[in-house]
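Visitor: Structure file protein_28.cif (mmCIF, C-alpha atoms) right here:
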data_start
loop_
_atom_site.label_atom_id
_atom_site.label_comp_id
_atom_site.auth_asym_id
_atom_site.auth_seq_id
_atom_site.Cartn_x
_atom_site.Cartn_y
_atom_site.Cartn_z
CA MET Z 1 -26.88 15.04 -12.16
CA THR Z 2 -26.90 16.06 -15.83
CA ARG Z 3 -25.04 19.23 -15.01
CA ILE Z 4 -22.46 17.35 -13.02
CA ARG Z 5 -22.03 14.83 -15.84
CA GLY Z 6 -21.66 17.63 -18.35
CA THR Z 7 -19.10 19.25 -16.14
CA ALA Z 8 -17.16 16.05 -15.76
CA ALA Z 9 -17.26 15.59 -19.52
CA ALA Z 10 -15.91 19.11 -19.97
CA ALA Z 11 -13.18 18.40 -17.46
CA LEU Z 12 -12.31 15.19 -19.26
CA LEU Z 13 -12.20 17.05 -22.56
CA LEU Z 14 -9.87 19.49 -20.92
CA LEU Z 15 -7.72 16.61 -19.71
CA ALA Z 16 -7.63 15.20 -23.21
CA ILE Z 17 -6.54 18.54 -24.64
CA LEU Z 18 -3.93 19.06 -21.97
CA GLY Z 19 -2.71 15.45 -22.06
CA GLY Z 20 0.29 14.87 -19.79
CA THR Z 21 0.33 18.31 -18.21
CA GLY Z 22 1.27 18.40 -14.53
CA CYS Z 23 -1.38 18.74 -11.86
CA ALA Z 24 -0.71 22.30 -10.73
CA THR Z 25 -0.70 23.58 -14.28
CA LEU Z 26 -3.81 21.55 -15.00
CA GLU Z 27 -5.74 23.53 -12.44
CA GLU Z 28 -4.37 26.83 -13.73
CA ALA Z 29 -5.17 25.83 -17.29
CA ALA Z 30 -8.70 24.88 -16.26
CA ASN Z 31 -9.23 28.34 -14.86
CA VAL Z 32 -7.91 29.97 -18.02
CA GLY Z 33 -9.82 27.53 -20.23
CA THR Z 34 -13.13 28.07 -18.49
CA SER Z 35 -12.79 31.84 -18.46
CA VAL Z 36 -12.11 31.79 -22.22
CA ALA Z 37 -15.12 29.54 -22.78
CA LYS Z 38 -17.23 31.80 -20.58
CA SER Z 39 -16.20 34.97 -22.40
CA GLN Z 40 -17.10 33.31 -25.70
CA GLY Z 41 -20.49 32.32 -24.35
CA ILE Z 42 -19.74 28.59 -24.62
CA VAL Z 43 -20.53 27.97 -20.96
CA THR Z 44 -22.57 29.92 -18.45
CA GLY Z 45 -21.02 31.44 -15.34
CA GLU Z 46 -22.53 28.67 -13.22
CA GLN Z 47 -21.12 25.96 -15.47
CA ALA Z 48 -17.72 27.65 -15.46
CA LYS Z 49 -17.72 27.57 -11.68
CA SER Z 50 -18.50 23.85 -11.71
CA ILE Z 51 -15.78 23.09 -14.23
CA THR Z 52 -13.23 24.86 -12.08
CA ARG Z 53 -14.53 23.04 -9.01
CA VAL Z 54 -14.47 19.58 -10.54
CA THR Z 55 -11.06 20.17 -12.07
CA LYS Z 56 -9.78 21.11 -8.64
CA ALA Z 57 -11.03 17.75 -7.45
CA VAL Z 58 -9.42 16.15 -10.49
CA ALA Z 59 -6.08 17.88 -10.06
CA LYS Z 60 -4.98 15.27 -7.57
CA THR Z 61 -2.54 12.45 -7.47
CA PHE Z 62 -2.17 8.91 -6.21
CA GLU Z 63 -2.31 10.38 -2.70
CA ASP Z 64 -6.06 10.69 -3.13
CA ILE Z 65 -6.51 6.98 -3.67
CA THR Z 66 -8.09 5.90 -0.38
CA PRO Z 67 -6.68 2.91 1.54
CA GLU Z 68 -9.89 1.06 0.62
CA GLN Z 69 -9.29 1.57 -3.11
CA GLU Z 70 -5.61 0.75 -2.68
CA HIS Z 71 -6.76 -2.52 -1.09
CA TYR Z 72 -8.74 -3.46 -4.19
CA ILE Z 73 -5.87 -2.52 -6.50
CA GLY Z 74 -3.52 -4.67 -4.41
CA ARG Z 75 -5.83 -7.69 -4.44
CA SER Z 76 -5.94 -7.77 -8.22
CA VAL Z 77 -2.22 -7.06 -8.61
CA GLY Z 78 -1.60 -9.95 -6.17
CA ALA Z 79 -3.93 -12.26 -8.09
CA VAL Z 80 -2.06 -11.55 -11.34
CA LEU Z 81 1.27 -12.31 -9.61
CA VAL Z 82 0.05 -15.57 -8.03
CA ASN Z 83 -1.37 -16.58 -11.40
CA LYS Z 84 1.99 -15.98 -13.07
CA PHE Z 85 4.34 -17.42 -10.45
CA LYS Z 86 2.15 -19.97 -8.55
CA PRO Z 87 2.02 -20.24 -4.76
CA TYR Z 88 4.26 -22.48 -2.64
CA PRO Z 89 1.63 -24.00 -0.34
CA ASN Z 90 3.88 -25.04 2.55
CA GLY Z 91 1.99 -24.24 5.78
CA PRO Z 92 4.85 -23.98 8.31
CA ALA Z 93 7.03 -21.93 5.90
CA ASN Z 94 4.24 -19.46 5.13
CA ASP Z 95 3.22 -19.26 8.81
CA TYR Z 96 6.78 -18.39 9.78
CA LEU Z 97 6.98 -15.75 7.06
CA ASN Z 98 3.70 -14.17 8.21
CA LEU Z 99 4.72 -14.07 11.84
CA LEU Z 100 8.03 -12.43 10.97
CA GLY Z 101 6.49 -10.11 8.37
CA GLN Z 102 3.65 -8.90 10.55
CA THR Z 103 6.05 -8.15 13.39
CA LEU Z 104 8.10 -5.99 11.02
CA ALA Z 105 5.04 -4.29 9.49
CA LEU Z 106 3.84 -3.26 12.96
CA ALA Z 107 7.12 -1.39 13.46
CA SER Z 108 6.92 0.45 10.11
CA ASP Z 109 5.69 4.00 9.68
CA ARG Z 110 2.52 2.53 8.21
CA PRO Z 111 1.43 -0.36 10.42
CA GLU Z 112 -2.24 0.02 9.46
CA THR Z 113 -3.45 -0.57 5.92
CA PHE Z 114 -7.05 -1.26 4.94
CA GLY Z 115 -6.71 -5.04 4.87
CA GLY Z 116 -3.43 -5.51 6.75
CA TYR Z 117 -0.14 -7.11 5.71
CA HIS Z 118 -0.04 -10.69 4.45
CA PHE Z 119 2.80 -12.77 3.03
CA LEU Z 120 3.00 -15.68 0.58
CA ILE Z 121 5.89 -17.70 -0.83
CA LEU Z 122 5.95 -18.14 -4.61
CA ASP Z 123 7.06 -21.47 -6.08
CA SER Z 124 9.74 -20.04 -8.33
CA PRO Z 125 13.53 -20.53 -8.42
CA GLU Z 126 13.96 -16.99 -9.76
CA ILE Z 127 15.05 -14.26 -7.34
CA ASN Z 128 11.93 -12.18 -6.89
CA ALA Z 129 9.94 -10.30 -4.26
CA PHE Z 130 6.87 -8.19 -4.88
CA ALA Z 131 4.80 -5.80 -2.81
CA ALA Z 132 1.26 -5.27 -4.08
CA PRO Z 133 -0.33 -2.02 -2.85
CA GLY Z 134 -2.13 -2.27 0.47
CA GLY Z 135 0.00 -4.99 2.06
CA LEU Z 136 0.15 -8.21 0.03
CA ILE Z 137 3.76 -9.35 -0.18
CA PHE Z 138 5.14 -12.21 -2.27
CA ILE Z 139 8.61 -13.75 -1.95
CA SER Z 140 9.97 -16.41 -4.29
CA ARG Z 141 11.74 -19.54 -3.08
CA GLY Z 142 14.75 -18.34 -5.10
CA MET Z 143 14.88 -15.16 -3.04
CA LEU Z 144 14.54 -17.03 0.26
CA ARG Z 145 17.46 -19.24 -0.78
CA CYS Z 146 19.63 -16.09 -0.76
CA CYS Z 147 18.85 -15.70 2.95
CA GLY Z 148 21.07 -17.49 5.47
CA SER Z 149 19.40 -16.21 8.61
CA GLU Z 150 16.19 -14.76 10.05
CA ASP Z 151 17.84 -11.33 9.97
CA ALA Z 152 18.37 -11.67 6.21
CA VAL Z 153 14.73 -12.73 5.61
CA ALA Z 154 13.66 -9.83 7.82
CA ALA Z 155 15.65 -7.50 5.55
CA VAL Z 156 13.87 -8.78 2.42
CA LEU Z 157 10.44 -8.41 4.04
CA ALA Z 158 11.24 -4.97 5.52
CA HIS Z 159 12.26 -3.75 2.04
CA GLU Z 160 8.91 -4.88 0.60
CA ILE Z 161 6.97 -3.39 3.53
CA ALA Z 162 8.82 -0.14 2.84
CA HIS Z 163 7.54 -0.12 -0.78
CA ILE Z 164 3.98 -0.35 0.62
CA GLN Z 165 4.61 2.24 3.32
CA LEU Z 166 5.98 4.64 0.68
CA ARG Z 167 3.15 3.79 -1.74
CA HIS Z 168 5.58 3.14 -4.58
CA GLY Z 169 3.20 0.74 -6.31
CA LEU Z 170 0.46 3.33 -6.60
CA GLN Z 171 2.93 5.77 -8.12
CA ALA Z 172 3.47 3.34 -10.97
CA ILE Z 173 -0.09 4.00 -12.13
CA ASP Z 174 -0.22 6.34 -15.08
CA LYS Z 175 -1.26 9.77 -13.79
CA SER Z 176 -3.86 10.26 -16.47
CA ARG Z 177 -5.58 7.08 -15.25
CA VAL Z 178 -5.64 8.39 -11.68
CA THR Z 179 -7.21 11.66 -12.77
CA GLU Z 180 -9.66 9.84 -15.02
CA ALA Z 181 -10.74 7.60 -12.16
CA LEU Z 182 -11.09 10.52 -9.81
CA THR Z 183 -13.16 12.40 -12.40
CA THR Z 184 -15.60 9.55 -12.70
CA LEU Z 185 -15.61 9.22 -8.93
CA GLY Z 186 -16.04 12.92 -8.33
CA ALA Z 187 -19.01 13.03 -10.62
CA GLU Z 188 -20.98 10.06 -9.42
CA GLY Z 189 -22.44 9.55 -6.00
CA ALA Z 190 -24.04 6.14 -5.99
CA LYS Z 191 -22.36 3.47 -3.91
CA SER Z 192 -22.80 0.87 -6.59
CA TYR Z 193 -22.13 1.74 -10.17
CA GLY Z 194 -24.33 0.73 -13.01
CA GLY Z 195 -23.77 0.19 -16.71
CA GLN Z 196 -21.41 2.60 -18.38
CA ASN Z 197 -19.88 3.97 -15.20
CA LEU Z 198 -18.92 0.53 -13.97
CA ALA Z 199 -17.54 -0.34 -17.40
CA ASP Z 200 -15.48 2.88 -17.49
CA LEU Z 201 -14.16 2.39 -13.97
CA THR Z 202 -13.31 -1.24 -14.68
CA LYS Z 203 -11.27 -0.18 -17.72
CA VAL Z 204 -9.34 2.35 -15.63
CA PHE Z 205 -8.91 -0.32 -12.93
CA GLU Z 206 -7.62 -2.87 -15.45
CA GLY Z 207 -5.15 -0.33 -16.81
CA SER Z 208 -3.98 0.50 -13.29
CA ILE Z 209 -3.41 -3.18 -12.45
CA SER Z 210 -1.41 -3.55 -15.64
CA ASP Z 211 0.70 -0.44 -14.85
CA VAL Z 212 1.59 -1.78 -11.39
CA THR Z 213 2.27 -5.39 -12.39
CA SER Z 214 4.40 -4.46 -15.39
CA THR Z 215 6.46 -2.17 -13.16
CA LEU Z 216 6.87 -4.92 -10.53
CA VAL Z 217 7.61 -7.74 -12.97
CA ASN Z 218 9.25 -6.11 -16.00
CA ASN Z 219 10.47 -2.58 -15.55
CA GLY Z 220 11.28 -2.20 -11.87
CA TYR Z 221 11.20 1.00 -9.85
CA SER Z 222 13.73 3.80 -10.14
CA ARG Z 223 17.01 3.48 -8.28
CA GLY Z 224 15.75 6.36 -6.11
CA PHE Z 225 12.70 4.36 -4.99
CA GLU Z 226 14.88 1.32 -4.24
CA ARG Z 227 17.25 3.47 -2.21
CA GLU Z 228 14.29 4.88 -0.26
CA ALA Z 229 12.96 1.38 0.37
CA ASP Z 230 16.35 0.14 1.59
CA ALA Z 231 16.66 3.16 3.91
CA ALA Z 232 13.16 2.62 5.36
CA ALA Z 233 13.91 -1.11 5.70
CA ILE Z 234 16.96 -0.34 7.85
CA THR Z 235 14.81 1.86 10.10
CA ILE Z 236 12.28 -0.97 10.52
CA LEU Z 237 15.01 -3.55 11.22
CA ASN Z 238 16.57 -1.32 13.87
CA ARG Z 239 13.21 -0.72 15.56
CA VAL Z 240 12.48 -4.43 15.87
CA GLY Z 241 16.01 -5.32 16.92
CA TYR Z 242 17.26 -7.05 13.78
CA ASP Z 243 20.78 -6.49 12.58
CA PRO Z 244 20.69 -4.24 9.46
CA ASN Z 245 23.75 -6.17 8.30
CA GLY Z 246 21.17 -8.83 7.39
CA LEU Z 247 20.36 -6.68 4.36
CA ILE Z 248 24.02 -6.54 3.31
CA ALA Z 249 24.43 -10.29 3.89
CA MET Z 250 21.36 -11.01 1.74
CA LEU Z 251 22.51 -8.69 -1.06
CA THR Z 252 26.01 -10.22 -1.02
CA GLU Z 253 24.51 -13.69 -1.37
CA MET Z 254 22.11 -12.49 -4.07
CA GLU Z 255 25.02 -11.11 -6.08
CA LYS Z 256 26.45 -14.64 -6.30
CA HIS Z 257 23.20 -16.12 -7.56
CA LEU Z 258 21.85 -13.53 -9.98
CA LYS Z 259 22.37 -14.53 -13.59
CA PRO Z 260 23.16 -11.78 -16.09
CA GLY Z 261 20.21 -11.32 -18.41
CA GLY Z 262 17.85 -12.99 -15.91
CA LEU Z 263 14.21 -11.88 -15.89
CA ASP Z 264 14.08 -11.49 -12.11
CA PHE Z 265 15.90 -9.01 -9.84
CA ALA Z 266 18.69 -8.98 -12.45
CA LYS Z 267 16.24 -7.04 -14.61
CA THR Z 268 14.07 -5.10 -12.16
CA HIS Z 269 16.50 -3.94 -9.48
CA PRO Z 270 19.76 -2.00 -9.27
CA SER Z 271 22.68 -4.42 -8.89
CA PRO Z 272 23.20 -5.77 -5.36
CA ARG Z 273 26.63 -4.11 -5.36
CA SER Z 274 25.21 -0.65 -6.08
CA ARG Z 275 22.54 -1.19 -3.41
CA ILE Z 276 25.22 -2.13 -0.89
CA ASP Z 277 27.13 1.02 -1.85
CA ASP Z 278 24.01 3.17 -1.40
CA ILE Z 279 23.23 1.55 1.96
CA GLY Z 280 26.84 1.99 3.07
CA ARG Z 281 26.48 5.74 2.91
CA GLN Z 282 23.51 5.62 5.27
CA HIS Z 283 24.45 2.67 7.40
CA ALA Z 284 28.05 2.75 8.47
CA GLY Z 285 27.98 -0.55 10.40
CA SER Z 286 30.24 -3.13 8.83
CA LYS Z 287 30.59 -5.70 11.56
CA ALA Z 288 29.74 -9.28 10.72
CA LEU Z 289 26.18 -10.46 11.24
CA ALA Z 290 25.81 -11.83 14.75
CA GLU Z 291 23.98 -15.15 14.97
CA VAL Z 292 21.24 -15.49 17.59
CA PRO Z 293 20.66 -19.23 18.27
CA ALA Z 294 16.89 -19.03 18.96
CA ARG Z 295 16.33 -17.10 15.73
CA GLN Z 296 18.55 -19.41 13.72
CA ALA Z 297 16.69 -22.48 15.05
CA ARG Z 298 13.24 -21.26 14.03
CA PHE Z 299 14.58 -19.95 10.70
CA ARG Z 300 15.94 -23.44 9.91
CA LYS Z 301 12.68 -25.04 11.01
CA GLY Z 302 10.53 -22.70 8.92
CA LEU Z 303 12.64 -22.20 5.80
CA GLY Z 304 15.45 -24.75 6.05
CA ASN Z 305 14.13 -26.82 3.15
CA ILE Z 306 13.08 -23.99 0.93
CA MET E 1 -10.77 12.05 12.70
CA SER E 2 -12.15 8.91 11.09
CA VAL E 3 -10.86 5.35 10.90
CA GLN E 4 -9.81 4.67 7.29
CA VAL E 5 -8.93 0.97 7.59
CA ARG E 6 -11.18 -2.07 7.98
CA GLN E 7 -10.03 -2.63 11.56
CA GLY E 8 -7.92 -0.24 13.60
CA GLN E 9 -6.22 -1.41 16.78
CA VAL E 10 -6.28 0.77 19.88
CA ARG E 11 -3.39 0.10 22.26
CA ALA E 12 -2.73 0.88 25.90
CA THR E 13 0.63 2.49 25.10
CA PRO E 14 1.97 4.34 22.03
CA SER E 15 3.97 1.33 20.88
CA PHE E 16 3.46 -1.40 18.31
CA LEU E 17 3.76 -3.96 21.07
CA GLY E 18 1.35 -2.13 23.35
CA LYS E 19 -1.57 -4.23 24.57
CA VAL E 20 -4.60 -4.06 22.26
CA ILE E 21 -7.50 -2.69 24.31
CA ALA E 22 -10.07 -2.00 21.57
CA THR E 23 -10.66 -2.48 17.88
CA LEU E 24 -12.30 0.22 15.79
CA SER E 25 -14.11 -0.20 12.47
CA TYR E 26 -13.98 1.61 9.15
CA GLY E 27 -15.72 4.97 9.41
CA ASP E 28 -15.69 5.20 13.23
CA ARG E 29 -15.13 8.79 14.35
CA VAL E 30 -12.75 9.51 17.19
CA GLU E 31 -11.82 12.49 19.27
CA THR E 32 -8.09 13.07 19.37
CA LEU E 33 -6.24 14.24 22.48
CA GLU E 34 -2.55 14.27 21.62
CA GLU E 35 0.00 12.93 19.16
CA LYS E 36 3.32 11.28 19.87
CA GLY E 37 5.71 9.79 17.33
CA GLY E 38 3.06 8.74 14.83
CA TRP E 39 0.62 7.58 17.53
CA VAL E 40 -2.58 9.43 18.40
CA ARG E 41 -4.25 9.28 21.81
CA ILE E 42 -7.99 8.98 21.34
CA VAL E 43 -11.18 8.22 23.17
CA PRO E 44 -12.74 5.19 21.45
CA PRO E 45 -16.49 5.63 20.78
CA GLY E 46 -18.56 4.47 23.75
CA SER E 47 -15.56 4.30 26.05
CA LYS E 48 -14.23 6.44 28.86
CA ALA E 49 -10.68 5.11 28.87
CA THR E 50 -8.26 6.57 26.35
CA GLY E 51 -5.98 4.56 24.09
CA TRP E 52 -3.45 4.96 21.31
CA ILE E 53 -4.02 4.30 17.63
CA HIS E 54 -1.42 4.66 14.88
CA SER E 55 -1.97 7.71 12.66
CA SER E 56 -1.87 5.49 9.55
CA ALA E 57 -5.29 4.15 10.62
CA LEU E 58 -6.85 7.62 10.65
CA THR E 59 -7.85 10.30 8.16
CA GLU E 60 -8.74 13.96 8.64
CA LYS E 61 -11.60 13.42 6.22
CA ARG E 62 -14.97 12.30 7.45
CA VAL E 63 -15.59 8.80 6.11
CA VAL E 64 -19.15 8.37 4.88
CA LEU E 65 -20.15 4.72 4.75
CA ARG E 66 -23.35 5.17 2.75
CA ALA E 67 -23.07 8.27 0.64
CA GLY E 68 -25.88 9.83 -1.31
CA LYS E 69 -25.64 12.36 -4.11
CA LYS E 70 -25.33 15.28 -1.69
CA GLU E 71 -22.26 13.80 0.01
CA ALA E 72 -20.79 12.91 -3.38
CA ASP E 73 -21.06 16.53 -4.51
CA VAL E 74 -19.45 17.76 -1.29
CA ALA E 75 -16.68 15.16 -1.59
CA ALA E 76 -16.01 16.18 -5.20
CA SER E 77 -15.90 19.89 -4.52
CA THR E 78 -14.28 20.17 -1.10
CA GLY E 79 -12.37 16.93 -0.63
CA GLU E 80 -13.46 16.95 3.02
CA LEU E 81 -15.32 13.67 2.79
CA ALA E 82 -14.07 10.22 1.90
CA LEU E 83 -16.83 8.03 0.53
CA ALA E 84 -16.56 4.38 1.51
CA GLY E 85 -17.17 1.91 -1.27
CA LYS E 86 -16.62 4.47 -3.99
CA GLY E 87 -14.38 4.05 -6.97
CA PHE E 88 -12.37 0.84 -7.06
CA ASN E 89 -14.58 -1.42 -4.97
CA ALA E 90 -15.96 -4.96 -4.79
CA ASP E 91 -18.21 -4.30 -7.82
CA VAL E 92 -15.24 -3.18 -9.92
CA GLU E 93 -13.25 -6.21 -8.76
CA ALA E 94 -16.17 -8.47 -9.77
CA ALA E 95 -16.28 -6.83 -13.21
CA PHE E 96 -12.49 -7.24 -13.50
CA LYS E 97 -12.80 -10.94 -12.60
CA ALA E 98 -15.54 -11.40 -15.20
CA ARG E 99 -13.25 -9.96 -17.87
CA ASN E 100 -10.19 -11.93 -16.71
CA ARG E 101 -11.52 -15.36 -15.82
CA GLU E 102 -8.08 -17.00 -15.93
CA ILE E 103 -7.00 -14.97 -12.88
CA ASP E 104 -7.80 -16.92 -9.73
CA PHE E 105 -8.32 -15.01 -6.46
CA THR E 106 -8.42 -18.10 -4.19
CA TRP E 107 -4.92 -17.52 -2.76
CA ILE E 108 -5.53 -13.81 -2.30
CA ASP E 109 -8.62 -14.59 -0.20
CA ARG E 110 -6.63 -17.20 1.75
CA MET E 111 -3.81 -14.74 2.42
CA GLN E 112 -6.20 -12.10 3.67
CA ASN E 113 -8.01 -14.47 5.97
CA LEU E 114 -4.78 -15.45 7.65
CA SER E 115 -4.29 -13.47 10.83
CA VAL E 116 -1.58 -13.58 13.47
CA PRO E 117 -2.82 -12.95 17.03
CA PRO E 118 -0.94 -10.23 18.99
CA GLY E 119 0.04 -12.82 21.63
CA LYS E 120 1.94 -14.83 19.03
CA ILE E 121 3.86 -11.75 17.94
CA ASP E 122 4.82 -10.99 21.55
CA ALA E 123 6.08 -14.55 22.02
CA PHE E 124 7.96 -14.39 18.70
CA VAL E 125 9.68 -11.16 19.76
CA GLN E 126 10.65 -12.54 23.15
CA GLU E 127 11.87 -15.88 21.88
CA GLY E 128 14.02 -14.19 19.24
CA LYS E 129 15.52 -11.77 21.78
CA LEU E 130 14.27 -8.92 19.62
CA PHE E 131 13.31 -5.43 20.62
CA PRO E 132 15.84 -4.94 23.42
CA ALA E 133 14.34 -3.91 26.76
CA GLY E 134 14.05 -0.17 27.24
CA GLU E 135 13.33 0.50 23.56
CA GLY E 136 9.91 0.98 22.02
CA GLY E 137 8.05 2.21 25.09
CA ARG E 138 6.48 -0.98 26.35
#
Please lay out the structure from this file as structure tokens.
Guide:
Amino acid sequence: MTRIRGTAAAALLLLAILGGTGCATLEEAANVGTSVAKSQGIVTGEQAKSITRVTKAVAKTFEDITPEQEHYIGRSVGAVLVNKFKPYPNGPANDYLNLLGQTLALASDRPETFGGYHFLILDSPEINAFAAPGGLIFISRGMLRCCGSEDAVAAVLAHEIAHIQLRHGLQAIDKSRVTEALTTLGAEGAKSYGGQNLADLTKVFEGSISDVTSTLVNNGYSRGFEREADAAAITILNRVGYDPNGLIAMLTEMEKHLKPGGLDFAKTHPSPRSRIDDIGRQHAGSKALAEVPARQARFRKGLGNI
Amino acid sequence: MSVQVRQGQVRATPSFLGKVIATLSYGDRVETLEEKGGWVRIVPPGSKATGWIHSSALTEKRVVLRAGKKEADVAASTGELALAGKGFNADVEAAFKARNREIDFTWIDRMQNLSVPPGKIDAFVQEGKLFPAGEGGR
């Protein structure tokens, strides 16, 4: 155990020295670093081997965050969001959203997450929608008011499901935090952590939650990520049988309601117009959204008074 | 392969509307027979009949539910094992809650306890004239 700890400490030291270096180069640098240390008699051959081995384990990315860990990240991100925006506790409205959302999630490229997909309306007039890693999705009343049909709501939900499918939230976590967490994890075997280890992990966890929530609420994702999410959303909508024009209809309506300088989608997302332009290149369909009476009836019943 | 989600649904057909014939748990190991459009045909443990599970529920790594130091070393050096309950887990969440008492998890627990039965989804799809016949491999 001591050796492993020492090795992890050496790897951390290495990380600190390298600070911000990419993963591939990190591994190369570790090899160079350990061979220099070995030649100077700082570490033994056995220790050098361990440093290289642990660094290999460290030289990983968000992809190595297991669905179980993603689940815990998502729960805390979700709790921060609900704390900030407050839930809208309307049973029928939330039931409708969950039925629609879970149908869409099943048709995504990632129907199975550790804890499944779940949806909640936020009691806010701002235009917002958030996807916490692992499957917790939050939609504001303001956003739902931009939706005139079930197909439009489906488009909003499919876009958020796409962010989870593509693990965009996890990619908002600072890479040094991911490697730090994986170092601690790689070095300790016990199922439950005691004392310092738990404190260290909790700090990394807290930082990760803050990275994700500040990206969701303040900074937004890159236009590239939003384009990817819109493209994946269209795939999901097509698979389930919704009209992808629902996404265009929703964005057109959103454009009318967004206030310049607003702290919601006005701040965190590319303009609806630029999203429509990006979608247009992928989705050539321009026919008007067809109304299906049975869908419209249950949409009005569930969200008519939103 | 191992199940990497809390509950993985095994369906009769490789389709998201296929009938659910079994439910697998985190860490269950399955033998895989073939893959088709993101779905994997498997033999569920203790069963003779085969079924389909979505690949997002599975990992190549062997999931170890109760890992000791030996497994931890192997996981760290080879990456072939995934240790359940390691890293960000319920203990870390509890420590996070203790440091951030103003953050209430009540609604998160409520959300996660809410489940929609497959039958309701089928009815929802049919009522809404979704998923046109002939598509999706029902």
Visitor: For the provided coordinates, the residues matched by the PyMOL selection byres ((chain E) within 8 of (chain Z)) should be stated as a PyMOL selection string.
Guide: chain E and resi 4-8+16+38+54+56-57+66-73+75-79+82+84-93+95-96+103-105+107-108+111-112+114+116+120-121+124-125+127-132+136
Visitor: Could you list, as a PyMOL selection string, every residue within 6 Å of segment 61-63 of chain E, counting only C-alpha atoms and ignoring same-chain residues fewer than 6 positions away?
Guide: chain E and resi 2+27+80-83
Visitor: Tell me, in Å to one decimal, how far atom CA of Thr215 of chain Z is from atom CA of His269 of chain Z.
Guide: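 Atom CA of His269 of chain Z lies 10.8 Å from atom CA of Thr215 of chain Z.
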Visitor: Provide the atom CA of Glu255 of chain Z to atom CA of Leu170 of chain Z distance in Å, to one decimal place.
Guide: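 Pair atom CA of Glu255 of chain Z / atom CA of Leu170 of chain Z returns 28.5 Å.
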Visitor: Just the residues within 8 Å of Leu24 of chain E, please, counting only C-alpha atoms, with nothing from its chain fewer than 2 positions along; format it as an NGL selection string.
Guide: :E and (3 or 7-10 or 22 or 26 or 28 or 44)
Visitor: Because some atoms of segment 5-17 of chain E are absent here, can you restore N, CA and C atoms and send them as a PDB file, keeping the file's coordinate frame?
Guide:
ATOM      1  N   VAL E   5      -9.263   2.366   7.889  1.00  0.00           N
ATOM      2  CA  VAL E   5      -8.930   0.970   7.590  1.00  0.00           C
ATOM      3  C   VAL E   5     -10.063   0.076   8.093  1.00  0.00           C
ATOM      4  N   ARG E   6     -10.076  -1.172   7.627  1.00  0.00           N
ATOM      5  CA  ARG E   6     -11.180  -2.070   7.980  1.00  0.00           C
ATOM      6  C   ARG E   6     -11.260  -2.261   9.488  1.00  0.00           C
ATOM      7  N   GLN E   7     -10.095  -2.470  10.104  1.00  0.00           N
ATOM      8  CA  GLN E   7     -10.030  -2.630  11.560  1.00  0.00           C
ATOM      9  C   GLN E   7      -8.818  -1.880  12.096  1.00  0.00           C
ATOM     10  N   GLY E   8      -9.040  -0.985  13.020  1.00  0.00           N
ATOM     11  CA  GLY E   8      -7.920  -0.240  13.600  1.00  0.00           C
ATOM     12  C   GLY E   8      -7.724  -0.653  15.048  1.00  0.00           C
ATOM     13  N   GLN E   9      -6.466  -0.932  15.413  1.00  0.00           N
ATOM     14  CA  GLN E   9      -6.220  -1.410  16.780  1.00  0.00           C
ATOM     15  C   GLN E   9      -5.859  -0.266  17.720  1.00  0.00           C
ATOM     16  N   VAL E  10      -6.545  -0.246  18.855  1.00  0.00           N
ATOM     17  CA  VAL E  10      -6.280   0.770  19.880  1.00  0.00           C
ATOM     18  C   VAL E  10      -5.443   0.091  20.968  1.00  0.00           C
ATOM     19  N   ARG E  11      -4.314   0.721  21.313  1.00  0.00           N
ATOM     20  CA  ARG E  11      -3.390   0.100  22.260  1.00  0.00           C
ATOM     21  C   ARG E  11      -3.286   0.914  23.555  1.00  0.00           C
ATOM     22  N   ALA E  12      -2.839   0.233  24.589  1.00  0.00           N
ATOM     23  CA  ALA E  12      -2.730   0.880  25.900  1.00  0.00           C
ATOM     24  C   ALA E  12      -1.579   1.877  25.934  1.00  0.00           C
ATOM     25  N   THR E  13      -0.538   1.598  25.136  1.00  0.00           N
ATOM     26  CA  THR E  13       0.630   2.490  25.100  1.00  0.00           C
ATOM     27  C   THR E  13       0.946   2.833  23.642  1.00  0.00           C
ATOM     28  N   PRO E  14       1.642   3.970  23.414  1.00  0.00           N
ATOM     29  CA  PRO E  14       1.970   4.340  22.030  1.00  0.00           C
ATOM     30  C   PRO E  14       3.125   3.519  21.477  1.00  0.00           C
ATOM     31  N   SER E  15       2.911   2.226  21.346  1.00  0.00           N
ATOM     32  CA  SER E  15       3.970   1.330  20.880  1.00  0.00           C
ATOM     33  C   SER E  15       3.337   0.179  20.117  1.00  0.00           C
ATOM     34  N   PHE E  16       4.050  -0.321  19.116  1.00  0.00           N
ATOM     35  CA  PHE E  16       3.460  -1.400  18.310  1.00  0.00           C
ATOM     36  C   PHE E  16       3.333  -2.703  19.074  1.00  0.00           C
ATOM     37  N   LEU E  17       3.961  -2.772  20.236  1.00  0.00           N
ATOM     38  CA  LEU E  17       3.760  -3.960  21.070  1.00  0.00           C
ATOM     39  C   LEU E  17       2.855  -3.652  22.266  1.00  0.00           C
TER      40      LEU E  17
END
